[in-house]
$ cat query22.csv   # CSV, C-alpha atoms
chain,number,residue,atom,x,y,z
A,134,MET,CA,-10.2,7.2,-15.5
A,135,LYS,CA,-9.1,7.4,-11.8
A,136,ILE,CA,-8.1,4.0,-10.7
A,137,PHE,CA,-7.2,2.7,-7.2
A,138,VAL,CA,-5.2,-0.5,-7.4
A,139,HIS,CA,-4.9,-2.3,-4.1
A,140,ASP,CA,-2.6,-5.4,-3.9
A,141,TYR,CA,-2.1,-6.3,-0.3
A,142,ALA,CA,1.0,-8.3,-1.1
A,143,GLY,CA,2.8,-5.8,-3.3
A,144,HIS,CA,3.7,-8.4,-5.9
A,145,PRO,CA,5.7,-7.5,-9.1
A,146,PHE,CA,3.1,-8.2,-11.8
A,147,GLN,CA,0.3,-6.1,-10.2
A,148,VAL,CA,2.8,-3.2,-10.1
A,149,ASP,CA,3.3,-3.8,-13.9
A,150,LEU,CA,-0.4,-3.3,-14.4
A,151,SER,CA,-0.5,0.0,-12.5
A,152,ARG,CA,2.5,1.3,-14.5
A,153,GLU,CA,0.9,0.4,-17.8
A,154,LEU,CA,-2.4,1.9,-16.8
A,155,ALA,CA,-0.7,5.1,-15.9
A,156,LEU,CA,1.2,5.1,-19.2
A,157,ARG,CA,-2.2,5.0,-20.9
A,158,GLY,CA,-3.3,8.2,-19.2
A,159,HIS,CA,-5.2,6.8,-16.3
A,160,GLU,CA,-4.6,8.4,-12.9
A,161,VAL,CA,-3.4,5.5,-10.8
A,162,SER,CA,-2.9,5.1,-7.1
A,163,HIS,CA,-1.3,1.8,-6.1
A,164,ALA,CA,-1.6,0.8,-2.4
A,165,TYR,CA,-0.1,-2.2,-0.6
A,166,PHE,CA,0.7,-3.5,2.9
A,167,HIS,CA,4.1,-2.2,3.9
A,168,GLY,CA,4.2,-4.7,6.7
A,169,ASP,CA,3.9,-7.8,4.5
A,170,LEU,CA,7.3,-9.5,4.3
A,171,GLY,CA,6.8,-11.4,1.1
A,172,PRO,CA,8.4,-10.7,-2.3
A,173,LYS,CA,7.8,-7.2,-3.6
A,174,GLY,CA,7.8,-5.4,-7.0
A,175,LYS,CA,9.2,-2.0,-7.8
A,176,LEU,CA,7.0,0.0,-5.4
A,177,ALA,CA,8.6,3.4,-5.8
A,178,ARG,CA,8.3,5.9,-8.5
A,179,SER,CA,11.1,6.0,-11.1
A,180,ALA,CA,12.3,8.8,-13.3
A,181,THR,CA,10.3,7.4,-16.2
A,182,ASP,CA,7.0,7.0,-14.4
A,183,PRO,CA,4.1,9.2,-15.4
A,184,ALA,CA,3.3,12.0,-13.0
A,185,HIS,CA,-0.2,10.6,-12.3
A,186,LEU,CA,1.2,7.3,-10.8
A,187,SER,CA,1.6,7.1,-7.0
A,188,PHE,CA,2.4,4.4,-4.5
A,189,THR,CA,1.3,4.1,-0.9
A,190,GLY,CA,2.6,1.6,1.6
A,191,VAL,CA,-0.1,1.2,4.2
A,192,LYS,CA,1.4,0.8,7.7
A,193,LEU,CA,0.0,-0.5,11.0
A,194,SER,CA,1.0,0.7,14.5
A,195,ARG,CA,2.6,-2.7,15.3
A,196,PRO,CA,4.3,-5.6,13.5
A,197,TYR,CA,1.8,-7.9,11.8
A,198,ASP,CA,1.8,-11.3,13.5
A,199,LYS,CA,0.5,-14.2,11.3
A,200,ALA,CA,1.0,-16.7,14.1
A,201,SER,CA,-1.7,-15.3,16.4
A,202,PHE,CA,-5.2,-15.6,15.0
A,203,VAL,CA,-6.7,-13.1,17.4
A,204,ARG,CA,-4.1,-10.5,16.9
A,205,ARG,CA,-4.1,-11.1,13.2
A,206,ARG,CA,-7.8,-10.6,13.1
A,207,PHE,CA,-7.6,-7.2,14.8
A,208,ASP,CA,-4.7,-6.1,12.5
A,209,ASP,CA,-6.7,-7.1,9.4
A,210,VAL,CA,-9.6,-4.9,10.6
A,211,ALA,CA,-7.2,-2.0,11.3
A,212,TYR,CA,-5.6,-2.5,7.9
A,213,GLY,CA,-8.9,-2.5,6.1
A,214,LYS,CA,-9.9,0.8,7.8
A,215,ALA,CA,-6.6,2.4,6.7
A,216,VAL,CA,-7.2,1.4,3.1
A,217,ALA,CA,-10.8,2.5,3.3
A,218,LYS,CA,-9.6,5.9,4.4
A,219,LEU,CA,-7.4,6.1,1.3
A,220,VAL,CA,-10.4,5.3,-0.9
A,221,HIS,CA,-12.5,8.0,0.8
A,222,SER,CA,-9.8,10.6,0.3
A,223,ASP,CA,-8.9,9.5,-3.3
A,224,LYS,CA,-12.5,9.1,-4.5
A,225,PRO,CA,-11.5,7.0,-7.5
A,226,ASP,CA,-13.8,6.0,-10.3
A,227,ILE,CA,-12.9,2.3,-9.7
A,228,VAL,CA,-11.1,0.2,-7.1
A,229,ILE,CA,-9.6,-3.2,-7.8
A,230,SER,CA,-8.4,-5.1,-4.8
A,231,GLY,CA,-6.8,-8.5,-4.4
A,232,ASN,CA,-4.7,-10.7,-2.1
A,233,THR,CA,-6.6,-9.1,0.8
A,234,PRO,CA,-7.7,-10.7,4.1
A,235,THR,CA,-11.5,-11.1,4.2
A,236,GLU,CA,-12.3,-8.5,6.9
A,237,ALA,CA,-9.9,-6.0,5.4
A,238,GLN,CA,-11.6,-6.5,2.0
A,239,SER,CA,-15.0,-5.9,3.6
A,240,ALA,CA,-13.9,-2.4,4.7
A,241,ILE,CA,-12.7,-1.6,1.2
A,242,VAL,CA,-16.0,-2.8,-0.4
A,243,ASN,CA,-17.9,-0.6,2.1
A,244,ALA,CA,-15.7,2.4,1.4
A,245,CYS,CA,-16.5,2.0,-2.3
A,246,LYS,CA,-20.2,2.0,-1.6
A,247,ARG,CA,-19.9,5.2,0.4
A,248,SER,CA,-17.6,7.0,-2.0
A,249,GLY,CA,-19.5,6.0,-5.2
A,250,SER,CA,-16.5,4.0,-6.6
A,251,LYS,CA,-17.1,0.9,-8.6
A,252,PHE,CA,-15.5,-2.2,-7.0
A,253,VAL,CA,-13.6,-5.0,-8.9
A,254,PHE,CA,-12.8,-8.1,-6.8
A,255,TRP,CA,-9.5,-9.5,-8.0
A,256,VAL,CA,-9.6,-13.1,-6.8
A,257,GLN,CA,-6.2,-14.6,-6.2
A,258,ASP,CA,-7.4,-16.9,-3.5
A,259,PHE,CA,-10.7,-17.7,-1.8
A,260,TYR,CA,-9.5,-16.5,1.5
A,261,SER,CA,-12.5,-17.6,3.5
A,262,VAL,CA,-12.3,-21.1,2.1
A,263,ALA,CA,-8.6,-21.3,3.2
A,264,VAL,CA,-9.4,-19.9,6.6
A,265,SER,CA,-12.3,-22.3,7.1
A,266,GLN,CA,-10.1,-25.3,6.3
A,267,LEU,CA,-7.4,-24.2,8.6
A,268,LEU,CA,-9.7,-23.3,11.5
A,269,ARG,CA,-11.6,-26.5,11.2
A,270,LYS,CA,-8.3,-28.4,11.3
A,271,LYS,CA,-7.0,-26.5,14.3
A,272,LEU,CA,-10.2,-25.9,16.4
A,273,GLY,CA,-12.7,-28.4,15.3
A,274,PRO,CA,-16.4,-27.4,15.4
A,275,PRO,CA,-15.8,-23.9,16.9
A,276,GLY,CA,-13.3,-23.3,14.0
A,277,ALA,CA,-15.9,-24.4,11.5
A,278,MET,CA,-18.3,-21.8,12.9
A,279,VAL,CA,-15.8,-19.0,12.6
A,280,GLY,CA,-15.0,-20.2,9.1
A,281,ALA,CA,-18.7,-20.1,8.1
A,282,TYR,CA,-18.7,-16.4,9.2
A,283,TYR,CA,-15.7,-15.6,7.0
A,284,ARG,CA,-17.4,-17.4,4.0
A,285,PHE,CA,-20.5,-15.3,4.7
A,286,LEU,CA,-18.4,-12.1,4.6
A,287,GLU,CA,-16.6,-13.1,1.4
A,288,ARG,CA,-19.9,-14.1,-0.4
A,289,ARG,CA,-21.3,-10.7,0.5
A,290,GLN,CA,-18.2,-9.0,-1.0
A,291,PHE,CA,-18.7,-11.0,-4.2
A,292,GLN,CA,-22.4,-9.9,-4.3
A,293,SER,CA,-21.3,-6.3,-3.9
A,294,SER,CA,-18.7,-6.4,-6.7
A,295,ASP,CA,-19.4,-4.6,-10.0
A,296,ALA,CA,-17.0,-7.1,-11.6
A,297,VAL,CA,-14.9,-10.1,-10.5
A,298,VAL,CA,-11.6,-11.1,-12.0
A,299,VAL,CA,-10.5,-14.7,-11.2
A,300,ILE,CA,-7.1,-16.1,-12.1
A,301,THR,CA,-8.2,-19.5,-13.3
A,302,ASN,CA,-11.3,-21.1,-14.9
A,303,ALA,CA,-11.3,-23.4,-11.9
A,304,PHE,CA,-12.4,-20.4,-9.7
A,305,SER,CA,-15.3,-19.4,-12.0
A,306,PRO,CA,-18.0,-21.8,-10.7
A,307,LEU,CA,-17.7,-20.7,-7.1
A,308,ALA,CA,-17.3,-17.0,-8.1
A,309,SER,CA,-20.4,-17.2,-10.3
A,310,LYS,CA,-22.3,-19.0,-7.5
A,311,TRP,CA,-21.4,-16.3,-5.0
A,312,THR,CA,-22.1,-13.4,-7.3
A,313,GLY,CA,-25.4,-15.0,-8.4
A,314,THR,CA,-24.4,-14.6,-12.1
A,315,GLU,CA,-21.8,-15.5,-14.7
A,316,ASP,CA,-22.0,-12.2,-16.4
A,317,ASN,CA,-19.6,-10.2,-14.3
A,318,VAL,CA,-17.0,-12.9,-13.8
A,319,PHE,CA,-13.9,-12.5,-16.0
A,320,VAL,CA,-10.9,-14.9,-16.2
A,321,ILE,CA,-7.5,-13.2,-16.5
A,322,GLU,CA,-4.6,-15.5,-15.6
A,323,ASN,CA,-1.7,-14.2,-13.6
A,324,TRP,CA,1.4,-13.3,-15.6
A,325,GLY,CA,5.1,-12.7,-14.9
A,326,ALA,CA,6.9,-9.4,-14.8
A,327,LEU,CA,8.3,-9.9,-18.3
A,328,ASN,CA,9.7,-6.4,-18.6
A,329,ASP,CA,11.8,-6.9,-15.5
A,330,ILE,CA,12.7,-10.6,-15.4
A,331,ALA,CA,14.8,-11.9,-18.4
A,332,PRO,CA,17.2,-14.8,-18.7
A,333,HIS,CA,20.7,-14.0,-17.4
A,334,PRO,CA,24.0,-16.1,-17.5
A,335,LYS,CA,24.3,-18.5,-14.6
A,336,ASP,CA,27.7,-17.1,-13.9
A,337,ASN,CA,26.6,-13.7,-12.8
A,338,ALA,CA,27.5,-11.2,-10.0
A,339,TRP,CA,24.8,-12.5,-7.6
A,340,ALA,CA,25.8,-16.1,-8.1
A,341,ARG,CA,29.5,-15.3,-7.5
A,342,ARG,CA,28.7,-13.3,-4.4
A,343,HIS,CA,27.1,-16.4,-2.9
A,344,GLY,CA,29.5,-19.0,-4.4
A,345,LEU,CA,26.9,-20.6,-6.6
A,346,HIS,CA,28.2,-20.1,-10.1
A,347,ASN,CA,30.0,-23.4,-10.3
A,348,SER,CA,27.5,-25.7,-8.6
A,349,PHE,CA,24.3,-27.4,-9.6
A,350,ASN,CA,21.5,-25.6,-7.8
A,351,PHE,CA,17.9,-26.5,-7.1
A,352,LEU,CA,16.5,-23.1,-6.2
A,353,TYR,CA,13.2,-22.1,-4.4
A,354,SER,CA,12.4,-18.4,-4.5
A,355,GLY,CA,9.5,-16.7,-2.6
A,356,THR,CA,7.4,-17.1,0.4
A,357,LEU,CA,7.8,-20.5,2.2
A,358,GLY,CA,4.9,-21.3,4.4
A,359,LEU,CA,3.9,-24.6,5.9
A,360,LYS,CA,1.4,-25.0,3.0
A,361,HIS,CA,4.4,-25.2,0.7
A,362,ASN,CA,5.5,-28.4,2.4
A,363,PRO,CA,9.1,-27.4,3.2
A,364,ASP,CA,10.0,-31.0,4.2
A,365,LEU,CA,10.2,-31.8,0.5
A,366,LEU,CA,13.2,-29.5,0.2
A,367,VAL,CA,14.8,-31.1,3.2
A,368,GLN,CA,14.5,-34.6,1.6
A,369,LEU,CA,15.8,-33.2,-1.7
A,370,ALA,CA,18.8,-31.7,0.1
A,371,LYS,CA,19.5,-35.1,1.8
A,372,MET,CA,19.3,-37.0,-1.5
A,373,VAL,CA,21.5,-34.7,-3.6
A,374,LYS,CA,24.1,-34.0,-0.8
A,375,GLY,CA,27.5,-34.1,-2.5
A,376,LEU,CA,25.9,-33.6,-6.0
A,377,ALA,CA,24.0,-30.4,-5.8
A,378,ASN,CA,22.8,-27.5,-3.6
A,379,VAL,CA,19.3,-26.8,-2.5
A,380,VAL,CA,19.0,-23.0,-2.3
A,381,THR,CA,16.0,-21.1,-0.8
A,382,VAL,CA,15.7,-17.3,-1.3
A,383,SER,CA,12.8,-17.0,1.1
A,384,GLN,CA,10.9,-15.9,4.1
A,385,GLY,CA,8.1,-17.5,6.1
A,386,VAL,CA,7.5,-20.0,8.8
A,387,GLY,CA,8.8,-22.8,6.5
A,388,VAL,CA,12.3,-21.3,6.7
A,389,THR,CA,12.4,-22.0,10.5
A,390,HIS,CA,11.6,-25.7,9.7
A,391,LEU,CA,14.5,-25.7,7.2
A,392,GLU,CA,16.9,-24.1,9.7
A,393,GLN,CA,16.1,-26.8,12.2
A,394,ALA,CA,16.5,-29.6,9.7
A,395,LYS,CA,19.8,-28.2,8.4
A,396,ALA,CA,21.3,-28.1,11.9
A,397,GLU,CA,20.0,-31.5,12.9
A,398,LEU,CA,20.9,-33.4,9.7
A,399,GLY,CA,24.1,-31.5,8.9
A,400,LEU,CA,22.9,-30.4,5.5
A,401,ASP,CA,25.7,-28.1,4.4
A,402,ASN,CA,24.2,-28.1,0.8
A,403,LEU,CA,21.0,-26.6,2.1
A,404,LEU,CA,21.6,-22.8,1.7
A,405,LEU,CA,19.0,-20.5,3.3
A,406,LEU,CA,19.0,-16.9,2.0
A,407,PRO,CA,16.6,-14.1,2.8
A,408,LEU,CA,14.5,-12.5,0.1
A,409,GLN,CA,16.6,-10.4,-2.2
A,410,PRO,CA,16.0,-6.9,-3.8
A,411,PHE,CA,13.7,-7.1,-6.8
A,412,GLU,CA,16.4,-5.8,-9.1
A,413,ASP,CA,18.5,-8.8,-8.3
A,414,LEU,CA,15.8,-11.3,-9.0
A,415,PRO,CA,16.8,-12.1,-12.6
A,416,MET,CA,20.3,-13.0,-11.5
A,417,VAL,CA,18.9,-15.0,-8.5
A,418,LEU,CA,16.7,-17.1,-10.8
A,419,ALA,CA,19.5,-17.5,-13.4
A,420,THR,CA,21.6,-19.1,-10.7
A,421,SER,CA,19.1,-22.1,-10.6
A,422,ASP,CA,19.6,-25.1,-12.8
A,423,VAL,CA,16.2,-26.2,-11.7
A,424,ALA,CA,13.6,-23.9,-10.2
A,425,VAL,CA,11.4,-25.5,-7.5
A,426,ALA,CA,7.8,-24.7,-6.4
A,427,THR,CA,5.8,-26.8,-3.9
A,428,ILE,CA,2.3,-26.6,-2.4
A,429,GLU,CA,0.3,-29.0,-0.3
A,430,PRO,CA,-3.0,-30.5,-1.6
A,431,GLU,CA,-5.2,-28.7,0.9
A,432,ALA,CA,-3.9,-25.4,-0.3
A,433,GLY,CA,-4.0,-26.3,-4.0
A,434,ILE,CA,-7.7,-25.7,-4.4
A,435,PHE,CA,-7.4,-22.0,-3.5
A,436,SER,CA,-3.7,-21.1,-4.0
A,437,VAL,CA,-1.8,-20.7,-7.3
A,438,PRO,CA,2.0,-20.4,-6.7
A,439,SER,CA,2.7,-17.2,-8.7
A,440,LYS,CA,6.5,-17.8,-8.4
A,441,VAL,CA,6.1,-20.1,-11.4
A,442,GLN,CA,5.4,-17.2,-13.6
A,443,SER,CA,8.7,-15.6,-12.6
A,444,TYR,CA,10.4,-18.9,-13.3
A,445,PHE,CA,8.9,-18.8,-16.8
A,446,CYS,CA,10.1,-15.3,-17.4
A,447,ALA,CA,13.6,-16.2,-16.4
A,448,GLY,CA,13.5,-19.2,-18.7
A,449,ARG,CA,14.2,-21.8,-16.0
A,450,PRO,CA,13.1,-25.5,-16.0
A,451,VAL,CA,10.5,-26.1,-13.3
A,452,LEU,CA,10.1,-28.9,-10.7
A,453,LEU,CA,6.6,-28.4,-9.3
A,454,ALA,CA,4.9,-30.4,-6.6
A,455,ALA,CA,1.3,-29.3,-6.7
A,456,PRO,CA,-2.3,-30.8,-7.2
A,457,GLN,CA,-3.1,-31.7,-10.7
A,458,GLU,CA,-6.0,-29.2,-10.9
A,459,ASN,CA,-3.8,-26.3,-9.9
A,460,LEU,CA,-3.3,-23.7,-12.7
A,461,ALA,CA,0.4,-23.8,-12.4
A,462,SER,CA,0.4,-27.6,-12.8
A,463,ASP,CA,-1.5,-27.3,-16.0
A,464,LEU,CA,0.8,-24.6,-17.3
A,465,VAL,CA,4.0,-26.6,-16.7
A,466,ARG,CA,2.6,-29.8,-18.0
A,467,ARG,CA,0.9,-28.4,-21.1
A,468,ASN,CA,3.9,-26.4,-22.1
A,469,GLY,CA,6.6,-28.9,-21.4
A,470,ALA,CA,8.2,-26.4,-19.0
A,471,GLY,CA,9.4,-29.0,-16.5
A,472,LEU,CA,8.0,-31.9,-14.4
A,473,VAL,CA,4.9,-32.0,-12.2
A,474,VAL,CA,4.3,-34.4,-9.3
A,475,ASP,CA,1.7,-35.0,-6.7
A,476,PRO,CA,2.6,-32.9,-3.6
A,477,VAL,CA,2.2,-35.9,-1.3
A,478,ASP,CA,4.3,-38.3,-3.4
A,479,GLN,CA,7.7,-37.7,-2.0
A,480,ALA,CA,9.3,-40.5,-4.0
A,481,ALA,CA,7.9,-39.1,-7.2
A,482,PHE,CA,9.3,-35.6,-6.3
A,483,LEU,CA,12.8,-37.0,-5.6
A,484,LYS,CA,12.7,-39.1,-8.8
A,485,ALA,CA,11.7,-36.1,-10.9
A,486,ALA,CA,14.5,-34.1,-9.3
A,487,LEU,CA,17.1,-36.8,-10.1
A,488,ARG,CA,15.8,-36.9,-13.7
A,489,LEU,CA,16.2,-33.2,-14.1
A,490,LEU,CA,19.6,-33.3,-12.4
A,491,ASP,CA,20.8,-36.0,-14.8
A,492,ASP,CA,19.2,-34.8,-18.1
A,493,GLU,CA,20.8,-31.6,-19.4
A,494,ALA,CA,18.8,-31.8,-22.7
A,495,LEU,CA,15.5,-32.1,-20.7
A,496,ARG,CA,16.4,-29.0,-18.7
A,497,ALA,CA,17.4,-27.0,-21.7
A,498,ASP,CA,14.2,-27.9,-23.6
A,499,ALA,CA,12.0,-27.1,-20.6
A,500,ALA,CA,13.8,-23.8,-20.0
A,501,ALA,CA,13.2,-22.7,-23.7
A,502,LYS,CA,9.6,-23.7,-23.6
A,503,ALA,CA,9.0,-21.8,-20.3
A,504,ARG,CA,10.5,-18.6,-21.8
A,505,SER,CA,8.6,-19.0,-25.0
A,506,PHE,CA,5.3,-19.3,-23.1
A,507,ALA,CA,6.2,-16.1,-21.2
A,508,LEU,CA,7.0,-14.2,-24.3
A,509,ASP,CA,3.7,-15.3,-25.9
A,510,ASN,CA,1.4,-14.7,-22.9
A,511,TYR,CA,2.9,-12.2,-20.5
A,512,ASP,CA,2.8,-9.1,-22.6
A,513,ILE,CA,1.6,-6.3,-20.3
A,514,LYS,CA,-0.1,-4.4,-23.0
A,515,SER,CA,-2.3,-7.3,-23.9
A,516,VAL,CA,-3.0,-8.0,-20.2
A,517,THR,CA,-3.9,-4.4,-19.6
A,518,ASP,CA,-6.3,-4.3,-22.6
A,519,ARG,CA,-8.3,-7.1,-20.8
A,520,PHE,CA,-8.3,-5.2,-17.5
A,521,GLU,CA,-9.6,-2.1,-19.2
A,522,THR,CA,-12.4,-4.2,-20.6
A,523,VAL,CA,-13.3,-5.2,-17.1
A,524,PHE,CA,-13.2,-1.6,-15.8
A,525,ASP,CA,-15.4,-0.4,-18.7
A,526,TYR,CA,-17.8,-3.3,-17.9
A,527,ALA,CA,-17.9,-2.3,-14.2
A,528,ILE,CA,-18.4,1.4,-14.9
A,529,GLY,CA,-20.8,0.9,-17.7
A,530,SER,CA,-23.0,-1.7,-15.9
A,531,GLY,CA,-22.1,-4.5,-18.2
A,532,THR,CA,-22.8,-2.7,-21.5
A,533,VAL,CA,-19.3,-3.3,-23.1
A,534,GLU,CA,-18.2,-6.2,-25.1
A,535,ARG,CA,-16.4,-8.9,-23.1
A,536,LYS,CA,-13.0,-10.1,-24.1
A,537,ASN,CA,-12.3,-13.1,-21.9

$ encode --input "query22.csv" --output "structure tokens"
Amino acid sequence: MKIFVHDYAGHPFQVDLSRELALRGHEVSHAYFHGDLGPKGKLARSATDPAHLSFTGVKLSRPYDKASFVRRRFDDVAYGKAVAKLVHSDKPDIVISGNTPTEAQSAIVNACKRSGSKFVFWVQDFYSVAVSQLLRKKLGPPGAMVGAYYRFLERRQFQSSDAVVVITNAFSPLASKWTGTEDNVFVIENWGALNDIAPHPKDNAWARRHGLHNSFNFLYSGTLGLKHNPDLLVQLAKMVKGLANVVTVSQGVGVTHLEQAKAELGLDNLLLLPLQPFEDLPMVLATSDVAVATIEPEAGIFSVPSKVQSYFCAGRPVLLAAPQENLASDLVRRNGAGLVVDPVDQAAFLKAALRLLDDEALRADAAAKARSFALDNYDIKSVTDRFETVFDYAIGSGTVERKN
């Protein structure tokens, strides 16, 4: 089967899927946005990769500016056209696309129609829902009208999909409503890059390079936007000053907020580092005594912090501030992999942080349970089996047996 995997963000676990599909004999083209500054997987061929696996970083003529809605909108359209051009030239049997801005996704869906490729919508977020909320908040009624347009576009994409993969059962009702049927909606939860992220000693080369091998470290790794409520990290650093470090390995507008707070409050225990090479990630995560993830309640409906899967792979105890209905919240709670608090309850967040700081046995137990869950659930071969079922369904017009 000729498969075109498009993951706008270039995240590690999607790359895992492409590699495993190629190892099974599929011809796989993996495309991503070269200009996205978030965490990336191994997006280059290695000596052990099959010959029929290729990677393409899609570039724009100018830097992508998330801060300007108008400029961002034109760049999304341009990006979608660039990916559509790849689909036309590649002529795959099937295209699976996720993490993609709404207008860019429309161009990809239309390219599939014209080229005769089946389309699978990989729903990581309901982008139009997110945009609607943000625009209504910023612009009032005019923003609500623009948001309604984006919801219309995304609904049409769902209706045009030959299959839909959602990452949590919580997404299924809206996905089924927009497709008009439950039959082509599959639930496949995100996973971590288990083959690449394993537990390491805390005293490792990366930790020593940054002077973190002998200190207690709360560590946040990955994109830090305003939706991740960076002020929680500021308050944490204030509380544990003299006792522990708060380390961010990050990029995003939230980092600017932390830089200002660090300077204004004299937080010398708030260490702000840029994103590190993917090959260093296991050592980065091993440096943490507690791995932190945060997300605001408005974002929690449509956003699942995938960094939690990486924390599980590394076997780190998790401190998570997220809505109770969020998939990551359920994973951490159900598996005893750490502590979960409401994202607007600052006092509860700080209390949970102190509890983890003071209780070594709790940290060790949570770390072991996180790693155990990853070993039991993140096997890429099992995950790929499920995606192949989805692809067979899409190509066979729903005639294969489902394995949700």

$ residues_around --input "query22.csv" --residues "A:Glu160" --least-positions-apart "3" --cutoff "12 Å" --atoms "all atoms listed in the file" --output "ChimeraX atom specification"
/A:134-138,151-157,163,182-188,223-228

$ residues_around --input "query22.csv" --residues "A:Gly358" --least-positions-apart "3" --cutoff "6 Å" --atoms "all atoms listed in the file" --output "list in words"
His361, Gly385, Val386 and Gly387 of chain A

$ axis_aligned_box --input "query22.csv" --around "stretch 160-172 of chain A" --padding-each-side "8 Å" --output "AutoDock Vina command-line options"
--center_x 1.9 --center_y -1.5 --center_z -3.1 --size_x 29.0 --size_y 35.8 --size_z 35.6

$ closest_atom_pairs --input "query22.csv" --of "stretch 392-481 of chain A" --to "stretch 494-514 of chain A" --cutoff "12 Å" --atoms "only C-alpha atoms" --output "JSON lines"
{"residue": "A:Leu418", "atom": "CA", "partner": "A:Ala500", "partner_atom": "CA", "distance": 11.7}
{"residue": "A:Ala419", "atom": "CA", "partner": "A:Ala500", "partner_atom": "CA", "distance": 10.8}
{"residue": "A:Ser421", "atom": "CA", "partner": "A:Ala500", "partner_atom": "CA", "distance": 10.9}
{"residue": "A:Asp422", "atom": "CA", "partner": "A:Arg496", "partner_atom": "CA", "distance": 7.8}
{"residue": "A:Val423", "atom": "CA", "partner": "A:Arg496", "partner_atom": "CA", "distance": 7.5}
{"residue": "A:Ala424", "atom": "CA", "partner": "A:Ala500", "partner_atom": "CA", "distance": 9.8}
{"residue": "A:Val441", "atom": "CA", "partner": "A:Ala503", "partner_atom": "CA", "distance": 9.5}
{"residue": "A:Gln442", "atom": "CA", "partner": "A:Ala507", "partner_atom": "CA", "distance": 7.7}
{"residue": "A:Ser443", "atom": "CA", "partner": "A:Ala507", "partner_atom": "CA", "distance": 9.0}
{"residue": "A:Tyr444", "atom": "CA", "partner": "A:Ala503", "partner_atom": "CA", "distance": 7.7}
{"residue": "A:Phe445", "atom": "CA", "partner": "A:Ala503", "partner_atom": "CA", "distance": 4.6}
{"residue": "A:Cys446", "atom": "CA", "partner": "A:Ala507", "partner_atom": "CA", "distance": 5.5}
{"residue": "A:Ala447", "atom": "CA", "partner": "A:Arg504", "partner_atom": "CA", "distance": 6.7}
{"residue": "A:Gly448", "atom": "CA", "partner": "A:Arg504", "partner_atom": "CA", "distance": 4.4}
{"residue": "A:Arg449", "atom": "CA", "partner": "A:Ala500", "partner_atom": "CA", "distance": 4.5}
{"residue": "A:Pro450", "atom": "CA", "partner": "A:Ala500", "partner_atom": "CA", "distance": 4.4}
{"residue": "A:Val451", "atom": "CA", "partner": "A:Ala499", "partner_atom": "CA", "distance": 7.5}
{"residue": "A:Leu452", "atom": "CA", "partner": "A:Arg496", "partner_atom": "CA", "distance": 10.2}
{"residue": "A:Ala461", "atom": "CA", "partner": "A:Ala503", "partner_atom": "CA", "distance": 11.8}
{"residue": "A:Leu464", "atom": "CA", "partner": "A:Phe506", "partner_atom": "CA", "distance": 9.1}
{"residue": "A:Val465", "atom": "CA", "partner": "A:Ala503", "partner_atom": "CA", "distance": 7.8}
{"residue": "A:Arg466", "atom": "CA", "partner": "A:Ala499", "partner_atom": "CA", "distance": 10.1}
{"residue": "A:Arg467", "atom": "CA", "partner": "A:Lys502", "partner_atom": "CA", "distance": 10.2}
{"residue": "A:Asn468", "atom": "CA", "partner": "A:Lys502", "partner_atom": "CA", "distance": 6.5}
{"residue": "A:Gly469", "atom": "CA", "partner": "A:Ala499", "partner_atom": "CA", "distance": 5.7}
{"residue": "A:Ala470", "atom": "CA", "partner": "A:Ala499", "partner_atom": "CA", "distance": 4.2}
{"residue": "A:Gly471", "atom": "CA", "partner": "A:Ala499", "partner_atom": "CA", "distance": 5.2}
{"residue": "A:Leu472", "atom": "CA", "partner": "A:Ala499", "partner_atom": "CA", "distance": 8.8}

$ atom_distance --input "query22.csv" --atom1 "atom CA of A:Val379" --atom2 "atom CA of A:Pro410"
20.2 Å

$ residues_around --input "query22.csv" --residues "stretch 218-220 of chain A" --least-positions-apart "5" --cutoff "9 Å" --atoms "only C-alpha atoms" --output "short mmCIF file (atom, residue, chain, number, x, y, z; two decimals) with C-alpha atoms, keeping the file's coordinate frame"
data_model
loop_
_atom_site.label_atom_id
_atom_site.label_comp_id
_atom_site.auth_asym_id
_atom_site.auth_seq_id
_atom_site.Cartn_x
_atom_site.Cartn_y
_atom_site.Cartn_z
CA PHE A 137 -7.20 2.70 -7.20
CA ALA A 164 -1.60 0.80 -2.40
CA GLY A 213 -8.90 -2.50 6.10
CA PRO A 225 -11.50 7.00 -7.50
CA VAL A 228 -11.10 0.20 -7.10
CA ILE A 241 -12.70 -1.60 1.20
CA ALA A 244 -15.70 2.40 1.40
CA CYS A 245 -16.50 2.00 -2.30
CA SER A 248 -17.60 7.00 -2.00
CA SER A 250 -16.50 4.00 -6.60
#

$ closest_residue --input "query22.csv" --among "A:Thr420, A:Ser348, A:Asn378, A:Thr389" --to "A:Leu404" --atoms "only C-alpha atoms"
A:Asn378

$ residues_around --input "query22.csv" --residues "stretch 287-297 of chain A" --least-positions-apart "5" --cutoff "9 Å" --atoms "all atoms listed in the file" --output "MDAnalysis selection string"
chainID A and resid 235:236 238:239 242:243 246 251:256 259:261 282 308:313 316:320 523:524 526:528 530:531

$ atom_distance --input "query22.csv" --atom1 "atom CA of A:Ala281" --atom2 "atom CA of A:Asp258"
16.5 Å

$ residues_around --input "query22.csv" --residues "A:Ala454" --least-positions-apart "5" --cutoff "10 Å" --atoms "all atoms listed in the file" --output "list in words"
His361, Asn362, Leu365, Val425, Ala426, Thr427, Ile428, Glu429, Pro430, Ala461, Ser462, Leu472, Val473, Val474, Asp475, Pro476, Val477, Asp478, Gln479, Ala481, Phe482 and Ala485 of chain A

$ atom_distance --input "query22.csv" --atom1 "atom CA of A:Leu406" --atom2 "atom CA of A:Gly355"
10.6 Å
